[in-house]
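Reading through the structure tokens given below for one structure.
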Amino acid sequence: MRVGLFTREYPPQVYGGAGVHVDYLSRELAKEIEVEVHCWGPQNSDAANLHVRGAEPWSEISEGTVGKFKGALEAFSLNLTQVKALQGIDIVHTHTWYVSMAGYLAKKLYGVPFVLTTHSLEPLRAWKAEQLGSGYAMSSWMEQTAILDADAIVAVSQGTKVDILRAYPQVDPARIHVIYNGIDLAEYQKTANTQALIDYSVDPTVPYILFVGRITRQKGVTHLVDAIRYLPEDTQIVLCAGAPDTPEIAAELRDKVEAARQHHPRIVWIEKMVTKQEAIQLYSNCRVFCCPSVYEPFGIINLEAMACRAPVVASSTGGIKEVVVEGETGHLIPFDQDPVTSFPIDPEKFARDLAAGILDLLADPEKCQRFGDAGRKRVENIFSWTAIAHQTIALYEQLIAQMKSAS
């Protein structure tokens with residue numbers, strides 16, 4: 001069997017959870033089947049069963065002529081380029097709207113089954129219009145067209161399955177299969193190494209709260225910054241936040257951080273996406289990891305933190321509720337959400353409640369250790385990449401058999 005995996009992100013050009021997912025899934029699948037990855041970038045490599053083919057969007061698309069919808073046009077052009085390069089593929093599997101039309105077209109042109117993993121849903125991310133402009137209408141059309149045509153839709157959590165049926169009620173629930181994200185248990189382990197902390201001016205002798213994620217409305221980092229005012233003034237907070245969606249949200253976060261520093265000087269902002277080994281050191285040595293996302297189909301960062309034995313304080317939304325267990329591996333912070341934007345209806349209350357969860361753990365190191373140990377155990381029992389790859393291959397085999405029997 002040879003699967004064509006389609007993704008925008010692939011190492012070394014990974015900036016979000018979907019890229020992490022495809023990186024590990026492709027390598028695990030390649031232990032048992034042939035894998036051909038089609039991604040956005042200059043990559044081109046072959047290693048045993050894993051073949052990586054990068055592509056670039058059409059050069060005719062220029063910033064000056066298309067403005068904010070440049071990204072959507074680039075994605076569509078990339079889909080066309082990727083599809084024409086396929087050879088000997090038995091099944092196609094796409095990840096995120098950026099490549100969803102490649103799967104749709106491959107199904108039509110090559111007559112192969114089409115699997116679509118949704119890591120988020122465009123109708124539930126209305127704030128993307130801020131980033132994509134009128135291109136948001138195009139990204140939404142691409143996602144909708146593909147998701148309604150896919151032979152199987154992989155939801156990364158039960159919560160995501162519910163969201164799919166809410167956003168696209170035409171979808172037959174039988175076509176939706178829940179397969180979680182995973183974690184490399186050998187790679188993500190607690191370490192006593194603190195060199196990364198020293199390199200980024202984090203004081204290893206002072207407990208700290210950690211955030212890791214992109215600067216985007218979805219990840220809720222501004223709500224964590226708003227929560228800082230309710231914490232003791234000597235609290236150390238480490239914001240590992242880069243890759244802003246827009247200059248406007250980057251400026252907004254900068255203003256909030258500078259205002260918070262007036263009373264809380266121990267805020268360390270690492271304005272880039274750190275390396276994997278640096279992230280592991282940051283997870284391993286934090287007192288509390290905070291995930292304040294307002295929309296999160298899964299939240300792979302919580303797995304990374306838990307694998308490194310960090311207790312978690314996270315918003316109670318989406319797939320996070322299937323990863324973090326309240327009172328066992330951390331605290332889940334509920335909040336009332338706007339049905340269109342997913343933003344907190346009362347952001348001030350959300351900030352206070354985040355701070356309350358963090359304070360409970362800051363004051364109780366023994367509870368932190370207990371939660372951290374339980375988190376590691378939960379990750380080991382449920383979220384290994386080996387189990388996830390086996391579930392994925394079983395789905396491929398089922399779809400290929402169905403197509404053969406129908407022909």
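Lettering and numbering for the structure tokens are positional, with chains as A, B, ... in the shown order, residues counted from 1 in each chain, and ligands counted from 1 in the shown order.
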Counting only C-alpha atoms, which residues in segment 168-227 of chain A sit no more than 12 Å from segment 231-252 of chain A? For each one, give the nearest pair of atoms and the distance in Å, sorted by chain then residue number, as a tab-separated table.
```
residue	atom	partner	partner_atom	distance
A:Ala196	CA	A:Cys240	CA	11.8
A:Leu197	CA	A:Val238	CA	9.7
A:Tyr200	CA	A:Val238	CA	9.5
A:Ser201	CA	A:Val238	CA	9.7
A:Val202	CA	A:Val238	CA	7.5
A:Asp203	CA	A:Gln236	CA	8.2
A:Pro204	CA	A:Gln236	CA	10.1
A:Thr205	CA	A:Gln236	CA	10.4
A:Val206	CA	A:Gln236	CA	7.0
A:Pro207	CA	A:Gln236	CA	6.6
A:Tyr208	CA	A:Gln236	CA	4.7
A:Ile209	CA	A:Ile237	CA	4.8
A:Leu210	CA	A:Val238	CA	4.9
A:Phe211	CA	A:Leu239	CA	4.9
A:Val212	CA	A:Cys240	CA	4.7
A:Gly213	CA	A:Ala241	CA	5.3
A:Arg214	CA	A:Gly242	CA	5.2
A:Ile215	CA	A:Pro244	CA	4.3
A:Thr216	CA	A:Asp245	CA	5.5
A:Arg217	CA	A:Ile249	CA	7.9
A:Gln218	CA	A:Asp245	CA	10.1
A:Lys219	CA	A:Ala241	CA	9.9
A:Gly220	CA	A:Ala241	CA	11.0
A:Val221	CA	A:Ala241	CA	8.2
A:Thr222	CA	A:Glu252	CA	8.3
A:His223	CA	A:Glu252	CA	11.7
A:Leu224	CA	A:Leu239	CA	9.4
A:Val225	CA	A:Leu239	CA	9.0
A:Asp226	CA	A:Leu231	CA	10.2
A:Ala227	CA	A:Leu231	CA	7.3
```
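The shortest atom-to-atom distance to Ala305 of chain A, with only C-alpha atoms taken into account, belongs to A:Gly375 out of A:Gly375, A:Pro344, A:Pro292, A:Pro365.
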Q | Exercise: Pro113 of chain A partners within 7 Å, only C-alpha atoms, chain neighbours under 2 positions left out, as a list in words | A | Ile91, Val92, Lys107, Gly111, Val115, Asp151, Leu399 and Ile400 of chain A
Please produce an output containing C-alpha atoms for each residue in the selection, written as a JSON list (two decimals), in the first residue's frame.
```json
[["chain", "number", "residue", "atom", "x", "y", "z"],
["A", 91, "ILE", "CA", -5.12, 6.31, -1.17],
["A", 92, "VAL", "CA", -4.79, 10.02, -0.38],
["A", 107, "LYS", "CA", -10.10, 11.24, -5.85],
["A", 111, "GLY", "CA", -10.01, 7.15, -8.68],
["A", 115, "VAL", "CA", -9.29, 10.60, 3.69],
["A", 151, "ASP", "CA", -14.71, 9.01, 1.81],
["A", 399, "LEU", "CA", -11.60, 2.12, 2.39],
["A", 400, "ILE", "CA", -9.46, 0.41, -0.26]]
```
Q) Smallest atom-to-atom distance to Leu303 of chain A: which of A:Phe383, A:Trp141, A:Trp40, A:Tyr10, using only C-alpha atoms? A) A:Phe383
Q: Check the smallest atom-to-atom distance from each of A:Lys272, A:His119, A:Arg27, A:Arg8 to Ala47 of chain A using only C-alpha atoms, then report the winner.
A: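 Answer, going by the shortest atom-to-atom distance: A:Arg27.
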Q: Name the residues in contact with Phe114 of chain A at a cut-off of 10 Å, using only C-alpha atoms, excluding same-chain residues fewer than 3 positions from it; report them as number ranges by chain.
A: A: 4, 90-94, 100, 102-108, 111, 146-147, 149-153, 396, 399-400
Pull the closest atom pair for each residue of segment 142-176 of chain A that gets at most 9 Å from segment 311-319 of chain A, along with the distance in Å to one decimal, counting only C-alpha atoms, ordering rows by chain and then ascending residue number, as JSON lines.
```
{"residue": "A:Val156", "atom": "CA", "partner": "A:Gly319", "partner_atom": "CA", "distance": 7.6}
{"residue": "A:Ser157", "atom": "CA", "partner": "A:Gly319", "partner_atom": "CA", "distance": 5.3}
{"residue": "A:Gln158", "atom": "CA", "partner": "A:Gly319", "partner_atom": "CA", "distance": 6.9}
{"residue": "A:Gly159", "atom": "CA", "partner": "A:Gly318", "partner_atom": "CA", "distance": 5.1}
{"residue": "A:Thr160", "atom": "CA", "partner": "A:Gly318", "partner_atom": "CA", "distance": 6.6}
{"residue": "A:Asp163", "atom": "CA", "partner": "A:Gly318", "partner_atom": "CA", "distance": 8.4}
```
Q: Tell me which of A:Leu185, A:Ile320, A:Met1, A:Cys291 sits closest to Ala401 of chain A, counting only C-alpha atoms.
A: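 Going through A:Leu185, A:Ile320, A:Met1, A:Cys291 one by one, the smallest distance to Ala401 of chain A is for A:Met1.
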Q) For Leu25 of chain A, which residue among A:Asn193, A:Thr341, A:Asn181, A:Asn44 is the nearest when counting only C-alpha atoms? A)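 Nearest to Leu25 of chain A: A:Asn181.
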Q.
Set the distance at 10 Å and use only C-alpha atoms: which residues neighbour Ala18 of chain A once local chain neighbours fewer than 2 positions away are removed? I'd like the list as a PyMOL selection string.
A. chain A and resi 7-10+14-16+20-23+95-96+117-120+181+299-300
(Q) Just want the 12 Å neighbourhood of Lys31 of chain A, counted on only C-alpha atoms, with same-chain residues fewer than 5 positions away dropped. Output as a PyMOL selection string. (A) chain A and resi 24-26+47-50+385-386+389-390+393
Pull N, CA and C atoms from the residues just selected and write them as a PDB file, in the first residue's frame.
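Once written, part_26.pdb looks like this:
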```pdb
ATOM      1  N   TYR A  24       5.135  13.137  12.709  1.00  0.00           N
ATOM      2  CA  TYR A  24       5.226  11.878  13.434  1.00  0.00           C
ATOM      3  C   TYR A  24       4.399  10.776  12.790  1.00  0.00           C
ATOM      4  N   LEU A  25       3.211  11.127  12.287  1.00  0.00           N
ATOM      5  CA  LEU A  25       2.365  10.109  11.668  1.00  0.00           C
ATOM      6  C   LEU A  25       3.046   9.516  10.439  1.00  0.00           C
ATOM      7  N   SER A  26       3.650  10.364   9.611  1.00  0.00           N
ATOM      8  CA  SER A  26       4.292   9.862   8.389  1.00  0.00           C
ATOM      9  C   SER A  26       5.417   8.900   8.726  1.00  0.00           C
ATOM     10  N   ALA A  47      13.867   8.103   2.136  1.00  0.00           N
ATOM     11  CA  ALA A  47      14.498   7.306   3.187  1.00  0.00           C
ATOM     12  C   ALA A  47      13.631   6.089   3.436  1.00  0.00           C
ATOM     13  N   ALA A  48      14.076   4.942   2.901  1.00  0.00           N
ATOM     14  CA  ALA A  48      13.307   3.693   3.017  1.00  0.00           C
ATOM     15  C   ALA A  48      11.892   3.905   2.468  1.00  0.00           C
ATOM     16  N   ASN A  49      10.872   3.744   3.315  1.00  0.00           N
ATOM     17  CA  ASN A  49       9.483   3.856   2.855  1.00  0.00           C
ATOM     18  C   ASN A  49       8.942   5.278   2.858  1.00  0.00           C
ATOM     19  N   LEU A  50       9.729   6.247   3.277  1.00  0.00           N
ATOM     20  CA  LEU A  50       9.241   7.618   3.418  1.00  0.00           C
ATOM     21  C   LEU A  50       9.828   8.503   2.316  1.00  0.00           C
ATOM     22  N   TRP A 385       2.083   7.112  19.266  1.00  0.00           N
ATOM     23  CA  TRP A 385       1.957   7.195  17.813  1.00  0.00           C
ATOM     24  C   TRP A 385       1.795   5.814  17.179  1.00  0.00           C
ATOM     25  N   THR A 386       2.326   4.794  17.812  1.00  0.00           N
ATOM     26  CA  THR A 386       2.197   3.442  17.271  1.00  0.00           C
ATOM     27  C   THR A 386       0.731   3.045  17.178  1.00  0.00           C
ATOM     28  N   ALA A 389      -1.034   5.137  14.415  1.00  0.00           N
ATOM     29  CA  ALA A 389      -0.700   4.682  13.062  1.00  0.00           C
ATOM     30  C   ALA A 389      -1.446   3.403  12.713  1.00  0.00           C
ATOM     31  N   HIS A 390      -1.577   2.486  13.676  1.00  0.00           N
ATOM     32  CA  HIS A 390      -2.297   1.245  13.410  1.00  0.00           C
ATOM     33  C   HIS A 390      -3.772   1.517  13.108  1.00  0.00           C
ATOM     34  N   ILE A 393      -3.915   2.982   9.489  1.00  0.00           N
ATOM     35  CA  ILE A 393      -3.723   1.965   8.453  1.00  0.00           C
ATOM     36  C   ILE A 393      -4.967   1.092   8.327  1.00  0.00           C
TER      37      ILE A 393
END
```
Q) Leu148 of chain A: which residues within 12 Å, counting only C-alpha atoms, same-chain residues fewer than 6 positions away excluded, as a list in words? A) Ser100, Met101, Gly103, Tyr104, Phe114, Val115, Leu116, Trp141, Met142, Ile164, Leu165, Ala167, Tyr168, Pro169, Gln170, Val171, Asp172, Pro173, Arg175 and Ile176 of chain A
Requested write-out: C-alpha atoms of the selected residues, as a PDB file, in the first residue's frame:
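Contents of again-v5.pdb, freshly written:
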```pdb
ATOM      1  CA  SER A 100      -7.936  19.670   1.114  1.00  0.00           C
ATOM      2  CA  MET A 101      -8.600  20.304  -2.579  1.00  0.00           C
ATOM      3  CA  GLY A 103      -7.425  15.178  -1.952  1.00  0.00           C
ATOM      4  CA  TYR A 104     -10.689  16.121  -3.633  1.00  0.00           C
ATOM      5  CA  PHE A 114      -9.888  10.183  -0.062  1.00  0.00           C
ATOM      6  CA  VAL A 115      -9.289  10.600   3.691  1.00  0.00           C
ATOM      7  CA  LEU A 116      -9.417  14.064   5.264  1.00  0.00           C
ATOM      8  CA  TRP A 141     -15.242  26.862   0.216  1.00  0.00           C
ATOM      9  CA  MET A 142     -12.193  24.634  -0.225  1.00  0.00           C
ATOM     10  CA  ILE A 164     -17.986  18.670  12.268  1.00  0.00           C
ATOM     11  CA  LEU A 165     -21.629  17.665  12.500  1.00  0.00           C
ATOM     12  CA  ALA A 167     -20.636  22.938  11.022  1.00  0.00           C
ATOM     13  CA  TYR A 168     -21.551  20.475   8.252  1.00  0.00           C
ATOM     14  CA  PRO A 169     -24.857  18.769   9.158  1.00  0.00           C
ATOM     15  CA  GLN A 170     -24.961  17.166   5.676  1.00  0.00           C
ATOM     16  CA  VAL A 171     -22.086  14.833   6.639  1.00  0.00           C
ATOM     17  CA  ASP A 172     -23.042  11.237   7.402  1.00  0.00           C
ATOM     18  CA  PRO A 173     -21.803  10.548  10.965  1.00  0.00           C
ATOM     19  CA  ARG A 175     -17.995   8.729   7.656  1.00  0.00           C
ATOM     20  CA  ILE A 176     -16.379  10.344  10.723  1.00  0.00           C
TER      21      ILE A 176
END
```
Can you list, as a compact mmCIF listing (two decimals) with C-alpha atoms, in the first residue's frame, all residues belonging to segment 232-324 of chain A that DSSP tags as strand (DSSP E or B)?
```txt
# COMPACT_ATOMS: atom_id res chain seq x y z
CA GLN A 236 7.66 34.37 36.69
CA ILE A 237 5.74 33.90 33.43
CA VAL A 238 7.36 32.53 30.26
CA LEU A 239 5.55 33.22 26.99
CA CYS A 240 7.02 31.11 24.22
CA ALA A 241 4.96 32.80 21.52
CA GLY A 242 5.86 33.49 17.91
CA ILE A 267 7.57 38.20 32.27
CA VAL A 268 9.90 36.53 29.77
CA TRP A 269 8.67 36.65 26.18
CA ILE A 270 10.49 34.34 23.77
CA VAL A 288 2.51 25.03 35.61
CA PHE A 289 1.79 24.80 31.89
CA CYS A 290 -1.12 26.97 30.75
CA CYS A 291 -3.18 26.42 27.59
CA VAL A 312 -1.72 21.70 33.12
CA VAL A 313 -4.19 24.55 33.53
CA ALA A 314 -6.25 24.68 30.34
CA SER A 315 -9.47 26.08 29.00
```
